[in-house]
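One file, my_file21.csv, carrying CSV, C-alpha atoms and all ligand atoms:
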chain,number,residue,atom,x,y,z
R,22,MET,CA,-0.4,26.7,-74.5
R,23,HIS,CA,3.2,25.8,-73.5
R,24,HIS,CA,5.8,25.8,-76.1
R,25,LEU,CA,7.1,22.2,-76.6
R,26,SER,CA,10.7,21.4,-76.9
R,27,ARG,CA,12.0,18.2,-78.5
R,28,PHE,CA,15.2,16.4,-77.4
R,29,GLY,CA,17.0,13.2,-78.2
R,30,VAL,CA,17.9,10.6,-75.7
R,31,SER,CA,20.5,7.8,-76.2
R,32,LEU,CA,20.1,4.7,-74.1
R,33,GLU,CA,20.8,0.9,-74.3
R,34,ASP,CA,18.3,-1.2,-76.4
R,35,ASP,CA,17.4,-3.5,-73.5
R,36,LEU,CA,16.8,-0.5,-71.2
R,37,LEU,CA,14.5,1.1,-73.7
R,38,GLN,CA,12.7,-2.2,-74.3
R,39,ALA,CA,12.2,-2.7,-70.6
R,40,PHE,CA,10.9,0.9,-70.3
R,41,ASP,CA,8.5,0.4,-73.2
R,42,ARG,CA,7.1,-2.8,-71.6
R,43,SER,CA,6.7,-1.1,-68.3
R,44,ILE,CA,4.9,2.0,-69.5
R,45,GLY,CA,2.8,-0.1,-71.9
R,46,GLY,CA,1.6,-2.0,-68.9
R,47,GLN,CA,0.7,1.2,-67.2
R,48,GLY,CA,-1.4,2.3,-70.1
R,49,TYR,CA,0.8,5.1,-71.5
R,50,GLN,CA,0.1,5.8,-75.2
R,51,ASN,CA,3.6,7.0,-75.9
R,52,ARG,CA,7.0,7.6,-74.4
R,53,SER,CA,6.7,11.3,-74.2
R,54,GLU,CA,3.8,11.1,-71.8
R,55,ALA,CA,5.7,8.7,-69.6
R,56,ILE,CA,8.8,10.8,-69.6
R,57,ARG,CA,6.9,14.0,-68.8
R,58,ASP,CA,5.4,12.2,-65.8
R,59,LEU,CA,8.9,11.0,-64.7
R,60,ILE,CA,10.3,14.5,-65.0
R,61,ARG,CA,7.3,16.0,-63.0
R,62,ASP,CA,7.8,13.4,-60.3
R,63,HIS,CA,11.5,14.1,-60.1
R,64,LEU,CA,10.8,17.8,-59.7
R,65,ILE,CA,8.1,17.2,-57.1
R,66,GLN,CA,10.3,14.8,-55.1
R,67,LYS,CA,13.1,17.3,-55.1
R,68,LYS,CA,10.8,20.1,-54.0
R,69,ILE,CA,9.3,18.0,-51.2
R,70,GLY,CA,12.8,17.2,-50.0
R,71,GLN,CA,13.2,20.9,-48.9
R,72,ALA,CA,12.1,21.1,-45.3
R,73,ASP,CA,10.2,24.4,-45.5
R,74,THR,CA,8.2,23.5,-48.6
R,75,GLU,CA,4.4,23.3,-48.1
R,76,VAL,CA,3.5,19.7,-48.8
R,77,ILE,CA,0.4,17.5,-48.7
R,78,GLY,CA,0.9,14.1,-47.0
R,79,VAL,CA,-1.4,11.1,-47.3
R,80,VAL,CA,-0.9,8.8,-44.4
R,81,THR,CA,-2.4,5.3,-44.4
R,82,LEU,CA,-2.6,3.3,-41.2
R,83,VAL,CA,-3.8,-0.3,-40.8
R,84,TYR,CA,-4.5,-1.2,-37.2
R,85,ASP,CA,-6.4,-3.6,-35.0
R,86,HIS,CA,-9.3,-1.7,-33.3
R,87,ARG,CA,-9.1,-4.1,-30.4
R,88,VAL,CA,-5.8,-2.5,-29.3
R,89,HIS,CA,-6.9,-0.5,-26.4
R,90,HIS,CA,-7.4,3.3,-26.9
R,91,LEU,CA,-5.5,3.3,-30.3
R,92,SER,CA,-8.4,5.0,-32.1
R,93,ASP,CA,-8.5,7.7,-29.4
R,94,LEU,CA,-4.7,8.1,-29.5
R,95,LEU,CA,-4.6,8.5,-33.2
R,96,ALA,CA,-7.5,11.0,-33.1
R,97,ASP,CA,-5.7,12.9,-30.3
R,98,MET,CA,-2.4,13.1,-32.3
R,99,GLN,CA,-4.3,14.5,-35.2
R,100,HIS,CA,-5.9,17.2,-33.0
R,101,LYS,CA,-2.5,18.2,-31.5
R,102,ALA,CA,-0.5,18.1,-34.7
R,103,HIS,CA,0.8,21.5,-35.8
R,104,VAL,CA,-0.3,20.7,-39.3
R,105,ALA,CA,-3.7,21.1,-40.9
R,106,VAL,CA,-5.6,17.8,-41.0
R,107,ASN,CA,-7.6,18.2,-44.2
R,108,ALA,CA,-9.5,15.0,-44.2
R,109,SER,CA,-9.6,11.6,-42.7
R,110,LEU,CA,-11.3,8.4,-43.7
R,111,HIS,CA,-12.0,5.3,-41.7
R,112,ILE,CA,-12.8,1.9,-43.2
R,113,HIS,CA,-13.6,-1.2,-41.3
R,114,LEU,CA,-11.6,-3.8,-43.3
R,115,ASP,CA,-12.8,-6.9,-41.5
R,116,GLU,CA,-13.9,-8.1,-38.1
R,117,HIS,CA,-10.8,-6.6,-36.4
R,118,ASN,CA,-8.8,-4.5,-38.8
R,119,CYS,CA,-9.3,-0.9,-39.7
R,120,LEU,CA,-7.8,1.4,-42.4
R,121,GLU,CA,-7.4,5.0,-41.6
R,122,VAL,CA,-6.4,7.5,-44.4
R,123,ILE,CA,-5.4,10.9,-43.2
R,124,VAL,CA,-4.6,13.9,-45.4
R,125,ILE,CA,-2.3,16.5,-43.8
R,126,ARG,CA,-0.9,19.7,-45.0
R,127,GLY,CA,2.0,21.7,-43.7
R,128,ARG,CA,5.8,22.3,-43.9
R,129,GLY,CA,7.5,19.2,-45.2
R,130,SER,CA,9.5,18.6,-42.0
R,131,LYS,CA,6.4,18.8,-39.9
R,132,VAL,CA,4.4,16.5,-42.1
R,133,HIS,CA,7.1,13.9,-42.0
R,134,GLU,CA,7.4,14.3,-38.2
R,135,ILE,CA,3.6,13.8,-37.5
R,136,ALA,CA,3.3,11.0,-40.1
R,137,GLY,CA,6.3,9.2,-38.5
R,138,LYS,CA,4.6,9.5,-35.0
R,139,LEU,CA,1.3,8.2,-36.3
R,140,ILE,CA,3.0,5.2,-38.1
R,141,ALA,CA,5.2,4.4,-35.1
R,142,THR,CA,2.2,4.4,-32.7
R,143,LYS,CA,2.0,1.1,-30.9
R,144,GLY,CA,-0.6,-1.1,-32.4
R,145,VAL,CA,-0.3,0.3,-36.0
R,146,GLN,CA,0.5,-2.8,-38.1
R,147,ASN,CA,1.4,-1.0,-41.3
R,148,GLY,CA,1.7,2.7,-42.1
R,149,LYS,CA,2.8,4.6,-45.2
R,150,LEU,CA,3.3,8.3,-46.1
R,151,VAL,CA,2.9,9.6,-49.6
R,152,THR,CA,3.8,13.2,-50.2
R,153,THR,CA,3.1,15.6,-53.0
R,154,THR,CA,2.9,19.3,-53.8
R,155,PRO,CA,1.0,21.3,-56.3
R,156,GLU,CA,4.0,23.6,-56.9
R,157,ILE,CA,6.7,22.1,-59.2
R,158,LYS,CA,8.1,25.3,-60.6
R,159,GLN,CA,11.7,25.8,-59.3
X,201,NI,NI,-12.9,0.3,-38.0

Take the structure in the file and give it back as structure tokens.
Amino acid sequence: MHHLSRFGVSLEDDLLQAFDRSIGGQGYQNRSEAIRDLIRDHLIQKKIGQADTEVIGVVTLVYDHRVHHLSDLLADMQHKAHVAVNASLHIHLDEHNCLEVIVIRGRGSKVHEIAGKLIATKGVQNGKLVTTTPEIKQ
């Protein structure tokens, strides 16, 4: 079990009230849990910002499957990427639109590069990249 440290934080009343409302809506039971998550996220984001850090990227792509060869092109890019494609998921959203979720793993700079190419592919209507890493120790 980790040793717990306590520290005091001073901040404006209205800022604290807004924070409490926000975390209450998210289901946090207390401020400590919410602040722990914020600190972890801060450390993860900082770590991810280092180009040579191994990161996991989750790419979501929404596209119209009627766009000629787009599915093939996206599959092709995944095969050629110099990152490990850990998983991909395809969901037919409606008559024309598809959602593809791709999990890739590799150096941060490479993950951003391949995700950028996938998102910028002609015919992709909306694309997002979320990155994380299991390593947050500095
Ligand atoms: Ni589909």

Atom CA of Gly129 of chain R sits from atom CA of Val145 of chain R at a separation of 22.4 Å

Expected answer as a ChimeraX atom specification: residues within 9 Å of ligand NI 201 (chain X), all atoms listed in the file:
/R:84-86,92,111-121

request  = Would you kindly return, as a VMD selection string, each protein, DNA or RNA residue with an atom no farther than 9 Å from any atom of Leu139 of chain R, considering all atoms listed in the file and excluding same-chain residues fewer than 3 positions away?
outcome  = chain R and resid 80 82 95 98 to 99 134 to 136 142 to 143 145 148

May I have the residues from that selection written out with C-alpha atoms, as a short mmCIF file (atom, residue, chain, number, x, y, z; two decimals), in the frame of the given file?
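Final output, saved to out_33.cif:
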data_model
loop_
_atom_site.label_atom_id
_atom_site.label_comp_id
_atom_site.auth_asym_id
_atom_site.auth_seq_id
_atom_site.Cartn_x
_atom_site.Cartn_y
_atom_site.Cartn_z
CA VAL R 80 -0.90 8.80 -44.40
CA LEU R 82 -2.60 3.30 -41.20
CA LEU R 95 -4.60 8.50 -33.20
CA MET R 98 -2.40 13.10 -32.30
CA GLN R 99 -4.30 14.50 -35.20
CA GLU R 134 7.40 14.30 -38.20
CA ILE R 135 3.60 13.80 -37.50
CA ALA R 136 3.30 11.00 -40.10
CA THR R 142 2.20 4.40 -32.70
CA LYS R 143 2.00 1.10 -30.90
CA VAL R 145 -0.30 0.30 -36.00
CA GLY R 148 1.70 2.70 -42.10
#

In Å to one decimal, how far is atom CA of Pro155 of chain R from atom CA of Arg61 of chain R?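 Rounded to one decimal, the two atoms are 10.6 Å apart.
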
Go through R:Val124, R:Val132, R:Ile77, R:Ile44 and flag the residue nearest His103 of chain R, using only C-alpha atoms for the distances.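 Once distances to His103 of chain R are computed over only C-alpha atoms, the minimum belongs to R:Val132.
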
Computed gap from atom CA of Gln146 of chain R to atom CA of His90 of chain R is 15.0 Å

In terms of all atoms listed in the file, the residue from R:Gly45, R:Gln38, R:His133, R:Ser26 at minimal distance from Asp73 of chain R is R:His133

Judged by only C-alpha atoms, the minimum distance to Thr152 of chain R among R:Arg87, R:Arg57, R:Lys67, R:Lys101 is found for R:Lys67

Counting all atoms listed in the file, the residue among R:Lys138, R:Ala55, R:Leu64, R:Ser31 that lies closest to Ser43 of chain R is R:Ala55

Between R:Gln47, R:Ser53, R:Gln66, R:Gln71, which residue has the minimum interatomic distance to Lys131 of chain R, considering all atoms listed in the file?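 Ranked by minimum distance to Lys131 of chain R, first place goes to R:Gln71.
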
Between R:Arg52, R:Lys149, R:Arg126, R:Lys68, which has the minimum distance to Asn107 of chain R (counting all atoms listed in the file)?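 The answer is R:Arg126, which sits nearest to Asn107 of chain R.
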